[in-house]
>>> print(open('start-v3.cif').read())   # mmCIF, C-alpha atoms
data_target
loop_
_atom_site.group_PDB
_atom_site.id
_atom_site.type_symbol
_atom_site.label_atom_id
_atom_site.label_comp_id
_atom_site.auth_asym_id
_atom_site.auth_seq_id
_atom_site.Cartn_x
_atom_site.Cartn_y
_atom_site.Cartn_z
ATOM 1 C CA MET U 1 0.000 0.000 0.000
ATOM 2 C CA LYS U 2 2.803 2.352 0.869
ATOM 3 C CA CYS U 3 4.488 1.684 -2.492
ATOM 4 C CA ALA U 4 1.241 2.281 -4.341
ATOM 5 C CA ALA U 5 0.864 5.660 -2.663
ATOM 6 C CA ILE U 6 4.374 6.582 -3.676
ATOM 7 C CA LEU U 7 3.623 5.644 -7.274
ATOM 8 C CA LEU U 8 0.475 7.743 -7.293
ATOM 9 C CA VAL U 9 2.152 10.850 -5.995
ATOM 10 C CA THR U 10 5.540 10.197 -7.729
ATOM 11 C CA LEU U 11 8.758 11.966 -6.976
ATOM 12 C CA ALA U 12 9.309 15.661 -7.447
ATOM 13 C CA PHE U 13 11.768 16.761 -10.073
ATOM 14 C CA VAL U 14 12.341 20.294 -8.841
ATOM 15 C CA VAL U 15 14.582 22.463 -11.011
ATOM 16 C CA GLY U 16 14.990 26.150 -11.682
ATOM 17 C CA GLY U 17 12.957 27.234 -8.643
ATOM 18 C CA GLY U 18 10.386 29.849 -9.461
ATOM 19 C CA LEU U 19 11.320 30.638 -13.074
ATOM 20 C CA GLY U 20 7.735 30.431 -14.305
ATOM 21 C CA LEU U 21 6.380 32.192 -11.225
ATOM 22 C CA ARG U 22 8.513 35.215 -11.992
ATOM 23 C CA ALA U 23 7.581 35.103 -15.658
ATOM 24 C CA GLN U 24 3.846 34.700 -15.262
ATOM 25 C CA GLY U 25 3.022 35.996 -11.794
ATOM 26 C CA LEU U 26 0.605 33.161 -11.070
ATOM 27 C CA LYS U 27 0.562 30.587 -8.314
ATOM 28 C CA PRO U 28 1.213 26.995 -9.429
ATOM 29 C CA LYS U 29 -1.538 24.437 -9.137
ATOM 30 C CA VAL U 30 -0.635 21.353 -7.110
ATOM 31 C CA LEU U 31 -0.656 18.367 -9.455
ATOM 32 C CA ASN U 32 1.149 15.024 -9.486
ATOM 33 C CA GLN U 33 4.820 15.763 -9.863
ATOM 34 C CA ALA U 34 6.797 13.249 -11.886
ATOM 35 C CA LYS U 35 10.359 12.141 -12.416
ATOM 36 C CA PRO U 36 11.490 12.061 -16.070
ATOM 37 C CA PRO U 37 13.440 9.103 -17.487
ATOM 38 C CA ILE U 38 17.100 8.968 -16.540
ATOM 39 C CA ARG U 39 18.180 8.731 -20.185
ATOM 40 C CA LYS U 40 17.720 12.092 -21.903
ATOM 41 C CA GLU U 41 17.005 10.507 -25.280
ATOM 42 C CA LYS U 42 13.993 8.774 -23.762
ATOM 43 C CA PHE U 43 12.521 12.076 -22.614
ATOM 44 C CA GLN U 44 11.363 13.810 -25.783
ATOM 45 C CA LEU U 45 10.599 17.497 -25.416
ATOM 46 C CA TYR U 46 8.288 19.758 -27.411
ATOM 47 C CA LEU U 47 8.093 23.528 -27.082
ATOM 48 C CA LEU U 48 4.586 25.014 -27.347
ATOM 49 C CA VAL U 49 4.621 28.671 -28.431
ATOM 50 C CA GLY U 50 2.326 31.309 -29.884
ATOM 51 C CA GLN U 51 -0.719 33.081 -28.518
ATOM 52 C CA SER U 52 -4.104 32.177 -27.033
ATOM 53 C CA ASN U 53 -5.119 29.360 -29.370
ATOM 54 C CA MET U 54 -1.900 27.524 -28.508
ATOM 55 C CA ALA U 55 -2.306 28.335 -24.823
ATOM 56 C CA GLY U 56 -5.890 27.104 -25.061
ATOM 57 C CA ARG U 57 -9.209 28.725 -24.329
ATOM 58 C CA GLY U 58 -11.515 25.761 -24.919
ATOM 59 C CA TYR U 59 -13.929 24.825 -22.155
ATOM 60 C CA PRO U 60 -12.809 21.499 -20.592
ATOM 61 C CA GLU U 61 -14.858 18.379 -21.198
ATOM 62 C CA ALA U 62 -14.730 15.004 -19.463
ATOM 63 C CA GLN U 63 -12.033 13.570 -21.744
ATOM 64 C CA ASP U 64 -9.795 16.548 -21.038
ATOM 65 C CA THR U 65 -9.450 15.440 -17.421
ATOM 66 C CA VAL U 66 -7.883 12.064 -18.320
ATOM 67 C CA PRO U 67 -4.078 12.201 -17.967
ATOM 68 C CA ASP U 68 -1.418 10.035 -19.580
ATOM 69 C CA ARG U 69 1.465 9.215 -17.247
ATOM 70 C CA ARG U 70 3.858 9.305 -20.192
ATOM 71 C CA VAL U 71 2.980 12.908 -20.984
ATOM 72 C CA LEU U 72 4.503 15.468 -18.620
ATOM 73 C CA ARG U 73 4.582 19.242 -18.613
ATOM 74 C CA LEU U 74 7.027 21.749 -17.193
ATOM 75 C CA ASN U 75 4.895 23.733 -14.782
ATOM 76 C CA GLN U 76 5.309 27.405 -13.991
ATOM 77 C CA ALA U 77 7.547 26.622 -11.010
ATOM 78 C CA GLY U 78 10.011 24.724 -13.216
ATOM 79 C CA ALA U 79 9.016 21.224 -12.048
ATOM 80 C CA TRP U 80 7.844 18.285 -14.130
ATOM 81 C CA GLU U 81 4.368 16.972 -13.482
ATOM 82 C CA ILE U 82 1.814 14.737 -15.154
ATOM 83 C CA ALA U 83 0.171 16.893 -17.820
ATOM 84 C CA LYS U 84 -3.434 17.899 -17.237
ATOM 85 C CA GLU U 85 -5.598 20.661 -18.622
ATOM 86 C CA PRO U 86 -4.980 23.478 -18.584
ATOM 87 C CA ILE U 87 -1.470 22.895 -19.897
ATOM 88 C CA HIS U 88 -0.745 26.621 -20.016
ATOM 89 C CA PHE U 89 -0.858 29.295 -17.318
ATOM 90 C CA ASP U 90 -0.422 32.500 -19.315
ATOM 91 C CA LYS U 91 -3.724 33.909 -18.065
ATOM 92 C CA PRO U 92 -6.365 32.775 -15.543
ATOM 93 C CA VAL U 93 -8.684 31.967 -18.485
ATOM 94 C CA ALA U 94 -6.339 29.277 -19.845
ATOM 95 C CA GLY U 95 -8.294 26.229 -20.972
ATOM 96 C CA VAL U 96 -8.073 23.375 -23.446
ATOM 97 C CA GLY U 97 -5.502 23.876 -26.190
ATOM 98 C CA PRO U 98 -3.786 21.540 -28.657
ATOM 99 C CA GLY U 99 -0.869 20.684 -26.353
ATOM 100 C CA LEU U 100 -2.206 17.720 -24.398
ATOM 101 C CA ALA U 101 -3.800 16.023 -27.422
ATOM 102 C CA PHE U 102 -0.513 16.529 -29.260
ATOM 103 C CA GLY U 103 1.447 14.985 -26.389
ATOM 104 C CA LYS U 104 -0.854 11.984 -26.119
ATOM 105 C CA ALA U 105 -0.671 11.347 -29.857
ATOM 106 C CA MET U 106 3.127 11.507 -29.807
ATOM 107 C CA ALA U 107 3.317 9.188 -26.796
ATOM 108 C CA ALA U 108 1.054 6.651 -28.499
ATOM 109 C CA GLN U 109 3.555 6.276 -31.349
ATOM 110 C CA ASP U 110 6.392 5.035 -29.136
ATOM 111 C CA THR U 111 5.678 3.434 -25.776
ATOM 112 C CA SER U 112 9.379 3.432 -24.871
ATOM 113 C CA VAL U 113 9.565 7.214 -24.458
ATOM 114 C CA VAL U 114 8.065 9.898 -22.256
ATOM 115 C CA ILE U 115 6.845 13.152 -23.796
ATOM 116 C CA GLY U 116 7.661 16.447 -22.096
ATOM 117 C CA LEU U 117 5.593 19.513 -22.983
ATOM 118 C CA ILE U 118 7.058 22.975 -22.433
ATOM 119 C CA PRO U 119 4.114 25.411 -22.409
ATOM 120 C CA CYS U 120 5.194 28.956 -23.288
ATOM 121 C CA ALA U 121 2.371 30.477 -25.359
ATOM 122 C CA VAL U 122 1.070 33.892 -24.287
ATOM 123 C CA GLY U 123 -2.448 35.000 -25.140
ATOM 124 C CA GLY U 124 -2.683 38.134 -27.285
ATOM 125 C CA SER U 125 1.021 38.286 -28.074
ATOM 126 C CA GLY U 126 1.942 39.519 -31.542
ATOM 127 C CA ILE U 127 4.949 38.113 -33.353
ATOM 128 C CA ALA U 128 6.817 41.368 -32.609
ATOM 129 C CA VAL U 129 7.178 40.431 -28.931
ATOM 130 C CA TRP U 130 8.631 37.031 -29.823
ATOM 131 C CA GLN U 131 12.172 38.320 -29.980
ATOM 132 C CA PRO U 132 14.944 38.827 -27.409
ATOM 133 C CA GLY U 133 14.283 41.548 -24.864
ATOM 134 C CA ALA U 134 10.718 42.236 -26.001
ATOM 135 C CA TYR U 135 8.292 42.935 -23.155
ATOM 136 C CA TYR U 136 4.568 42.227 -23.376
ATOM 137 C CA GLU U 137 2.709 44.617 -21.126
ATOM 138 C CA ALA U 138 -0.617 42.741 -21.121
ATOM 139 C CA THR U 139 0.883 39.804 -19.201
ATOM 140 C CA LYS U 140 3.990 41.617 -17.921
ATOM 141 C CA THR U 141 6.199 38.929 -19.446
ATOM 142 C CA ASN U 142 9.000 38.566 -21.963
ATOM 143 C CA PRO U 143 7.518 35.803 -24.155
ATOM 144 C CA TYR U 144 10.602 34.928 -26.175
ATOM 145 C CA ASP U 145 13.118 35.194 -23.347
ATOM 146 C CA ASP U 146 10.869 33.172 -21.038
ATOM 147 C CA ALA U 147 10.424 30.453 -23.678
ATOM 148 C CA ILE U 148 14.170 30.158 -24.235
ATOM 149 C CA ALA U 149 14.846 30.003 -20.496
ATOM 150 C CA ARG U 150 12.180 27.358 -19.903
ATOM 151 C CA ALA U 151 13.295 25.298 -22.903
ATOM 152 C CA LYS U 152 16.904 25.303 -21.717
ATOM 153 C CA LEU U 153 15.762 24.303 -18.266
ATOM 154 C CA ALA U 154 13.761 21.402 -19.731
ATOM 155 C CA MET U 155 16.685 20.337 -21.908
ATOM 156 C CA GLN U 156 18.707 19.593 -18.794
ATOM 157 C CA ALA U 157 16.514 16.513 -18.451
ATOM 158 C CA GLY U 158 15.525 15.678 -22.018
ATOM 159 C CA THR U 159 16.021 16.154 -25.745
ATOM 160 C CA LEU U 160 14.217 18.844 -27.722
ATOM 161 C CA LYS U 161 12.475 17.100 -30.618
ATOM 162 C CA GLY U 162 10.258 19.832 -32.021
ATOM 163 C CA ILE U 163 8.500 23.182 -31.746
ATOM 164 C CA ILE U 164 4.838 23.854 -32.477
ATOM 165 C CA TRP U 165 3.531 27.380 -33.080
ATOM 166 C CA HIS U 166 0.039 28.813 -33.352
ATOM 167 C CA GLN U 167 -0.084 32.587 -33.665
ATOM 168 C CA GLY U 168 -1.151 35.267 -36.116
ATOM 169 C CA GLU U 169 -4.455 36.556 -34.824
ATOM 170 C CA THR U 170 -2.812 39.718 -33.483
ATOM 171 C CA ASP U 171 -0.967 40.211 -36.767
ATOM 172 C CA SER U 172 -4.081 39.860 -38.934
ATOM 173 C CA ASN U 173 -3.940 43.481 -40.020
ATOM 174 C CA PRO U 174 -2.543 45.058 -43.210
ATOM 175 C CA GLU U 175 0.818 46.004 -41.709
ATOM 176 C CA GLY U 176 1.399 42.814 -39.739
ATOM 177 C CA SER U 177 0.274 40.398 -42.438
ATOM 178 C CA ASN U 178 2.529 41.943 -45.092
ATOM 179 C CA VAL U 179 5.686 41.127 -43.102
ATOM 180 C CA TYR U 180 4.476 37.960 -41.401
ATOM 181 C CA ALA U 181 6.422 35.532 -43.600
ATOM 182 C CA GLN U 182 9.655 37.410 -42.955
ATOM 183 C CA LYS U 183 9.031 37.661 -39.203
ATOM 184 C CA LEU U 184 8.172 33.981 -38.870
ATOM 185 C CA THR U 185 11.216 32.936 -40.891
ATOM 186 C CA GLU U 186 13.409 35.013 -38.593
ATOM 187 C CA LEU U 187 11.700 33.597 -35.515
ATOM 188 C CA ILE U 188 12.317 29.997 -36.572
ATOM 189 C CA ALA U 189 15.988 30.678 -37.254
ATOM 190 C CA ARG U 190 16.314 32.475 -33.909
ATOM 191 C CA PHE U 191 14.765 29.611 -31.936
ATOM 192 C CA ARG U 192 17.026 27.091 -33.628
ATOM 193 C CA HIS U 193 20.130 29.190 -33.028
ATOM 194 C CA ASP U 194 19.409 30.137 -29.421
ATOM 195 C CA LEU U 195 18.535 26.579 -28.460
ATOM 196 C CA ALA U 196 21.528 25.139 -30.369
ATOM 197 C CA THR U 197 19.204 22.851 -32.351
ATOM 198 C CA PRO U 198 19.749 23.931 -35.986
ATOM 199 C CA ASN U 199 17.552 21.228 -37.491
ATOM 200 C CA VAL U 200 14.772 20.950 -34.929
ATOM 201 C CA PRO U 201 11.375 20.513 -36.655
ATOM 202 C CA PHE U 202 9.084 23.536 -36.537
ATOM 203 C CA ILE U 203 5.355 23.329 -37.288
ATOM 204 C CA ALA U 204 2.989 26.289 -37.567
ATOM 205 C CA GLY U 205 -0.786 26.251 -37.486
ATOM 206 C CA GLN U 206 -3.067 28.219 -39.763
ATOM 207 C CA LEU U 207 -5.825 30.514 -38.586
ATOM 208 C CA PRO U 208 -9.376 29.106 -38.660
ATOM 209 C CA GLU U 209 -11.974 30.373 -41.104
ATOM 210 C CA PHE U 210 -14.181 31.687 -38.296
ATOM 211 C CA GLN U 211 -11.527 34.334 -37.646
ATOM 212 C CA PHE U 212 -11.312 35.737 -41.140
ATOM 213 C CA VAL U 213 -14.881 35.283 -42.361
ATOM 214 C CA LYS U 214 -17.362 36.802 -39.906
ATOM 215 C CA LEU U 215 -20.864 38.194 -39.859
ATOM 216 C CA ASP U 216 -21.353 41.745 -38.669
ATOM 217 C CA SER U 217 -24.263 42.937 -36.524
ATOM 218 C CA ALA U 218 -26.438 43.180 -39.628
ATOM 219 C CA GLY U 219 -25.632 39.622 -40.681
ATOM 220 C CA ARG U 220 -23.403 40.710 -43.553
ATOM 221 C CA ARG U 221 -20.351 38.620 -44.430
ATOM 222 C CA GLN U 222 -17.078 40.362 -43.597
ATOM 223 C CA VAL U 223 -13.736 38.977 -44.818
ATOM 224 C CA ASN U 224 -10.414 39.874 -43.217
ATOM 225 C CA GLU U 225 -7.964 39.672 -46.117
ATOM 226 C CA ALA U 226 -5.040 40.200 -43.744
ATOM 227 C CA ALA U 227 -5.808 36.935 -41.919
ATOM 228 C CA ILE U 228 -5.875 35.153 -45.257
ATOM 229 C CA ARG U 229 -2.441 36.603 -46.039
ATOM 230 C CA VAL U 230 -1.136 35.286 -42.716
ATOM 231 C CA ASN U 231 -2.372 31.808 -43.650
ATOM 232 C CA ARG U 232 -0.808 32.088 -47.089
ATOM 233 C CA SER U 233 2.515 32.993 -45.486
ATOM 234 C CA VAL U 234 2.323 30.049 -43.106
ATOM 235 C CA ALA U 235 1.796 27.694 -46.037
ATOM 236 C CA GLN U 236 4.419 29.185 -48.348
ATOM 237 C CA LEU U 237 7.232 28.923 -45.792
ATOM 238 C CA LYS U 238 7.283 25.205 -46.534
ATOM 239 C CA LYS U 239 9.098 26.083 -49.772
ATOM 240 C CA SER U 240 11.898 28.069 -48.149
ATOM 241 C CA VAL U 241 12.379 26.864 -44.555
ATOM 242 C CA PRO U 242 13.906 23.411 -43.957
ATOM 243 C CA ASN U 243 12.358 20.972 -41.481
ATOM 244 C CA TYR U 244 9.164 23.011 -41.497
ATOM 245 C CA ALA U 245 5.528 22.040 -41.928
ATOM 246 C CA TYR U 246 2.161 23.626 -41.322
ATOM 247 C CA VAL U 247 -1.251 22.314 -40.325
ATOM 248 C CA THR U 248 -4.594 23.506 -41.580
ATOM 249 C CA ALA U 249 -7.395 24.679 -39.316
ATOM 250 C CA GLU U 250 -10.092 23.510 -41.705
ATOM 251 C CA SER U 251 -13.323 22.179 -40.173
ATOM 252 C CA THR U 252 -12.610 23.670 -36.747
ATOM 253 C CA LYS U 253 -15.194 25.524 -34.683
ATOM 254 C CA ASP U 254 -15.019 28.383 -32.220
ATOM 255 C CA ARG U 255 -16.188 28.295 -28.639
ATOM 256 C CA GLY U 256 -18.797 30.961 -29.400
ATOM 257 C CA ASP U 257 -16.573 34.036 -29.634
ATOM 258 C CA GLN U 258 -15.370 33.756 -33.261
ATOM 259 C CA LEU U 259 -11.819 33.820 -31.933
ATOM 260 C CA HIS U 260 -10.879 30.707 -29.947
ATOM 261 C CA PHE U 261 -11.075 27.005 -30.759
ATOM 262 C CA ASP U 262 -13.617 25.006 -28.805
ATOM 263 C CA ALA U 263 -12.215 22.017 -26.919
ATOM 264 C CA ALA U 264 -12.954 19.493 -29.694
ATOM 265 C CA SER U 265 -11.237 21.681 -32.296
ATOM 266 C CA ALA U 266 -8.226 22.255 -30.038
ATOM 267 C CA ARG U 267 -7.831 18.494 -29.684
ATOM 268 C CA LEU U 268 -8.157 18.104 -33.450
ATOM 269 C CA MET U 269 -5.410 20.654 -33.976
ATOM 270 C CA GLY U 270 -3.232 18.803 -31.480
ATOM 271 C CA ARG U 271 -3.603 15.566 -33.443
ATOM 272 C CA ARG U 272 -2.808 17.403 -36.672
ATOM 273 C CA TYR U 273 0.337 18.853 -35.131
ATOM 274 C CA ALA U 274 1.349 15.357 -34.051
ATOM 275 C CA ALA U 275 0.794 13.878 -37.515
ATOM 276 C CA ALA U 276 2.871 16.644 -39.093
ATOM 277 C CA MET U 277 5.605 16.270 -36.471
ATOM 278 C CA LEU U 278 5.787 12.517 -36.995
ATOM 279 C CA GLY U 279 6.130 13.148 -40.716
ATOM 280 C CA LEU U 280 9.073 15.513 -40.241
ATOM 281 C CA LEU U 281 10.779 13.184 -37.761
ATOM 282 C CA LYS U 282 10.378 10.238 -40.131
ATOM 283 C CA LYS U 283 11.800 12.272 -42.991
ATOM 284 C CA ALA U 284 14.785 13.232 -40.826
ATOM 285 C CA ARG U 285 15.438 9.581 -39.941
ATOM 286 C CA ARG U 286 15.397 8.609 -43.618
ATOM 287 C CA HIS U 287 17.899 11.376 -44.379
ATOM 288 C CA VAL U 288 20.241 10.168 -41.632
ATOM 289 C CA THR U 289 19.990 6.585 -42.895
ATOM 290 C CA ARG U 290 20.871 7.621 -46.461
ATOM 291 C CA THR U 291 23.931 9.548 -45.288
ATOM 292 C CA LEU U 292 25.366 6.695 -43.202
#
>>> encode(input="start-v3.cif", output="structure tokens")
Amino acid sequence: MKCAAILLVTLAFVVGGGLGLRAQGLKPKVLNQAKPPIRKEKFQLYLLVGQSNMAGRGYPEAQDTVPDRRVLRLNQAGAWEIAKEPIHFDKPVAGVGPGLAFGKAMAAQDTSVVIGLIPCAVGGSGIAVWQPGAYYEATKTNPYDDAIARAKLAMQAGTLKGIIWHQGETDSNPEGSNVYAQKLTELIARFRHDLATPNVPFIAGQLPEFQFVKLDSAGRRQVNEAAIRVNRSVAQLKKSVPNYAYVTAESTKDRGDQLHFDAASARLMGRRYAAAMLGLLKKARRHVTRTL
């Protein structure tokens, strides 16, 4: 009985004391802390970045409360724990995002590894604040600097295998959309350089149709061409950026605000991210095999 209790609670893996607390200004929730595998290659890490639809705003449903003991997250205090919704803690309204579904799908592909999620998305953040030294007043954080710090902390225990990004809502305006491809290209290169992972897979998500095709108060159809340009940029980067893929947001639904994915759509996006990530990882393995 005593051993069973120990297994349920698991051991704490406390590192970096208080990093996330300083960055986000929120108190950590007490969840089951967990000890990652001893071998770093068996602890596969994924960085989750972007704004609110990566952080998650979906309203939790029953299935969102079911954890997977092979999917961990780095909490805001810098400790590993069994991942449960909400994965993120950027704002008190954090809810269901694509992260947990992504982690579960990745874990299902290889039962010999443990997946570590590094939540770093910040609701409302434009791509301009995802650069060194940039401060985001709305959450009083430095999104890029915090993500790099948390990723490096996580990499003390595991191996960074990929980065997933969902952002662009804030940049869906004429000025932002016209330079989005350039900014995202620079961001990918910067992440890879600063994390010393030059070939790490990077996957971006497109904006859903409910964000760029809306009905006004009179029921008239309004189209945001800037959001469409953001999506076009996300797709076209596949031609110029190596180890890059994107996922579509087709057939997703909003939670009722024409802005955020509902829980089912967030899970769908998570599975799409996983499928794209598995494709890039498989392609990388084939390349290594051919060069040996």
>>> closest_residue(input="start-v3.cif", among="U:Gln76, U:Asn243, U:Gln33, U:Gln182", to="Pro198 in chain U", atoms="all atoms listed in the file")
U:Asn243
>>> resolve_selection(input="start-v3.cif", expression="the PyMOL selection byres ((chain U and resi 213) around 10)", output="PyMOL selection string")
chain U and resi 208-212+214-216+221-225+227-228+258
>>> residues_around(input="start-v3.cif", residues="range 158-166 of chain U", least_positions_apart="6", cutoff="8 Å", atoms="all atoms listed in the file", output="PyMOL selection string")
chain U and resi 39-51+53-54+116+197+200-206+273+277
>>> resolve_selection(input="start-v3.cif", expression="the PyMOL selection byres ((chain U and resi 126) around 12)", output="PyMOL selection string")
chain U and resi 49-52+121-125+127-131+134-138+142-144+166-173+176-177+180+183-184
>>> axis_aligned_box(input="start-v3.cif", around="range 278-284 of chain U", padding_each_side="8 Å", output="JSON")
{"center_x": 10.3, "center_y": 12.9, "center_z": -40.0, "size_x": 25.0, "size_y": 21.3, "size_z": 22.0}
>>> residues_around(input="start-v3.cif", residues="Gly256 in chain U", least_positions_apart="2", cutoff="12 Å", atoms="all atoms listed in the file", output="PyMOL selection string")
chain U and resi 57-59+210-211+253-254+258-263
>>> build_atoms(input="start-v3.cif", residues="range 102-120 of chain U", atoms="N, CA, C and O atoms", output="PDB file, keeping the file's coordinate frame")
ATOM      1  N   PHE U 102      -1.764  16.732 -28.531  1.00  0.00           N
ATOM      2  CA  PHE U 102      -0.513  16.529 -29.260  1.00  0.00           C
ATOM      3  C   PHE U 102       0.395  15.568 -28.496  1.00  0.00           C
ATOM      4  O   PHE U 102       0.926  14.601 -29.054  1.00  0.00           O
ATOM      5  N   GLY U 103       0.580  15.829 -27.204  1.00  0.00           N
ATOM      6  CA  GLY U 103       1.447  14.985 -26.389  1.00  0.00           C
ATOM      7  C   GLY U 103       0.979  13.545 -26.332  1.00  0.00           C
ATOM      8  O   GLY U 103       1.781  12.612 -26.447  1.00  0.00           O
ATOM      9  N   LYS U 104      -0.312  13.348 -26.173  1.00  0.00           N
ATOM     10  CA  LYS U 104      -0.854  11.984 -26.119  1.00  0.00           C
ATOM     11  C   LYS U 104      -0.650  11.257 -27.436  1.00  0.00           C
ATOM     12  O   LYS U 104      -0.322  10.062 -27.464  1.00  0.00           O
ATOM     13  N   ALA U 105      -0.851  11.969 -28.548  1.00  0.00           N
ATOM     14  CA  ALA U 105      -0.671  11.347 -29.857  1.00  0.00           C
ATOM     15  C   ALA U 105       0.787  10.969 -30.092  1.00  0.00           C
ATOM     16  O   ALA U 105       1.084   9.907 -30.658  1.00  0.00           O
ATOM     17  N   MET U 106       1.708  11.817 -29.656  1.00  0.00           N
ATOM     18  CA  MET U 106       3.127  11.507 -29.807  1.00  0.00           C
ATOM     19  C   MET U 106       3.522  10.325 -28.922  1.00  0.00           C
ATOM     20  O   MET U 106       4.283   9.445 -29.345  1.00  0.00           O
ATOM     21  N   ALA U 107       3.002  10.291 -27.706  1.00  0.00           N
ATOM     22  CA  ALA U 107       3.317   9.188 -26.796  1.00  0.00           C
ATOM     23  C   ALA U 107       2.800   7.863 -27.318  1.00  0.00           C
ATOM     24  O   ALA U 107       3.420   6.807 -27.122  1.00  0.00           O
ATOM     25  N   ALA U 108       1.657   7.889 -27.989  1.00  0.00           N
ATOM     26  CA  ALA U 108       1.054   6.651 -28.499  1.00  0.00           C
ATOM     27  C   ALA U 108       1.894   6.014 -29.600  1.00  0.00           C
ATOM     28  O   ALA U 108       1.776   4.809 -29.857  1.00  0.00           O
ATOM     29  N   GLN U 109       2.752   6.797 -30.247  1.00  0.00           N
ATOM     30  CA  GLN U 109       3.555   6.276 -31.349  1.00  0.00           C
ATOM     31  C   GLN U 109       4.782   5.508 -30.885  1.00  0.00           C
ATOM     32  O   GLN U 109       5.360   4.740 -31.655  1.00  0.00           O
ATOM     33  N   ASP U 110       5.198   5.705 -29.648  1.00  0.00           N
ATOM     34  CA  ASP U 110       6.392   5.035 -29.136  1.00  0.00           C
ATOM     35  C   ASP U 110       6.257   4.871 -27.626  1.00  0.00           C
ATOM     36  O   ASP U 110       6.447   5.823 -26.873  1.00  0.00           O
ATOM     37  N   THR U 111       5.928   3.679 -27.201  1.00  0.00           N
ATOM     38  CA  THR U 111       5.678   3.434 -25.776  1.00  0.00           C
ATOM     39  C   THR U 111       6.961   3.378 -24.955  1.00  0.00           C
ATOM     40  O   THR U 111       6.905   3.257 -23.735  1.00  0.00           O
ATOM     41  N   SER U 112       8.111   3.490 -25.615  1.00  0.00           N
ATOM     42  CA  SER U 112       9.379   3.432 -24.871  1.00  0.00           C
ATOM     43  C   SER U 112       9.850   4.805 -24.411  1.00  0.00           C
ATOM     44  O   SER U 112      10.851   4.916 -23.709  1.00  0.00           O
ATOM     45  N   VAL U 113       9.123   5.867 -24.812  1.00  0.00           N
ATOM     46  CA  VAL U 113       9.565   7.214 -24.458  1.00  0.00           C
ATOM     47  C   VAL U 113       8.513   7.930 -23.621  1.00  0.00           C
ATOM     48  O   VAL U 113       7.356   7.521 -23.553  1.00  0.00           O
ATOM     49  N   VAL U 114       8.954   9.003 -22.989  1.00  0.00           N
ATOM     50  CA  VAL U 114       8.065   9.898 -22.256  1.00  0.00           C
ATOM     51  C   VAL U 114       8.105  11.244 -22.976  1.00  0.00           C
ATOM     52  O   VAL U 114       9.167  11.694 -23.419  1.00  0.00           O
ATOM     53  N   ILE U 115       6.946  11.867 -23.118  1.00  0.00           N
ATOM     54  CA  ILE U 115       6.845  13.152 -23.796  1.00  0.00           C
ATOM     55  C   ILE U 115       6.827  14.278 -22.757  1.00  0.00           C
ATOM     56  O   ILE U 115       6.078  14.218 -21.775  1.00  0.00           O
ATOM     57  N   GLY U 116       7.637  15.290 -22.990  1.00  0.00           N
ATOM     58  CA  GLY U 116       7.661  16.447 -22.096  1.00  0.00           C
ATOM     59  C   GLY U 116       7.203  17.697 -22.830  1.00  0.00           C
ATOM     60  O   GLY U 116       7.809  18.091 -23.834  1.00  0.00           O
ATOM     61  N   LEU U 117       6.115  18.301 -22.374  1.00  0.00           N
ATOM     62  CA  LEU U 117       5.593  19.513 -22.983  1.00  0.00           C
ATOM     63  C   LEU U 117       6.126  20.737 -22.240  1.00  0.00           C
ATOM     64  O   LEU U 117       6.141  20.760 -21.004  1.00  0.00           O
ATOM     65  N   ILE U 118       6.538  21.741 -23.014  1.00  0.00           N
ATOM     66  CA  ILE U 118       7.058  22.975 -22.433  1.00  0.00           C
ATOM     67  C   ILE U 118       6.114  24.105 -22.838  1.00  0.00           C
ATOM     68  O   ILE U 118       6.276  24.729 -23.889  1.00  0.00           O
ATOM     69  N   PRO U 119       5.087  24.383 -22.043  1.00  0.00           N
ATOM     70  CA  PRO U 119       4.114  25.411 -22.409  1.00  0.00           C
ATOM     71  C   PRO U 119       4.676  26.814 -22.238  1.00  0.00           C
ATOM     72  O   PRO U 119       5.102  27.198 -21.147  1.00  0.00           O
ATOM     73  N   CYS U 120       4.648  27.597 -23.333  1.00  0.00           N
ATOM     74  CA  CYS U 120       5.194  28.956 -23.288  1.00  0.00           C
ATOM     75  C   CYS U 120       4.364  29.954 -24.087  1.00  0.00           C
ATOM     76  O   CYS U 120       4.799  31.103 -24.272  1.00  0.00           O
TER      77      CYS U 120
END
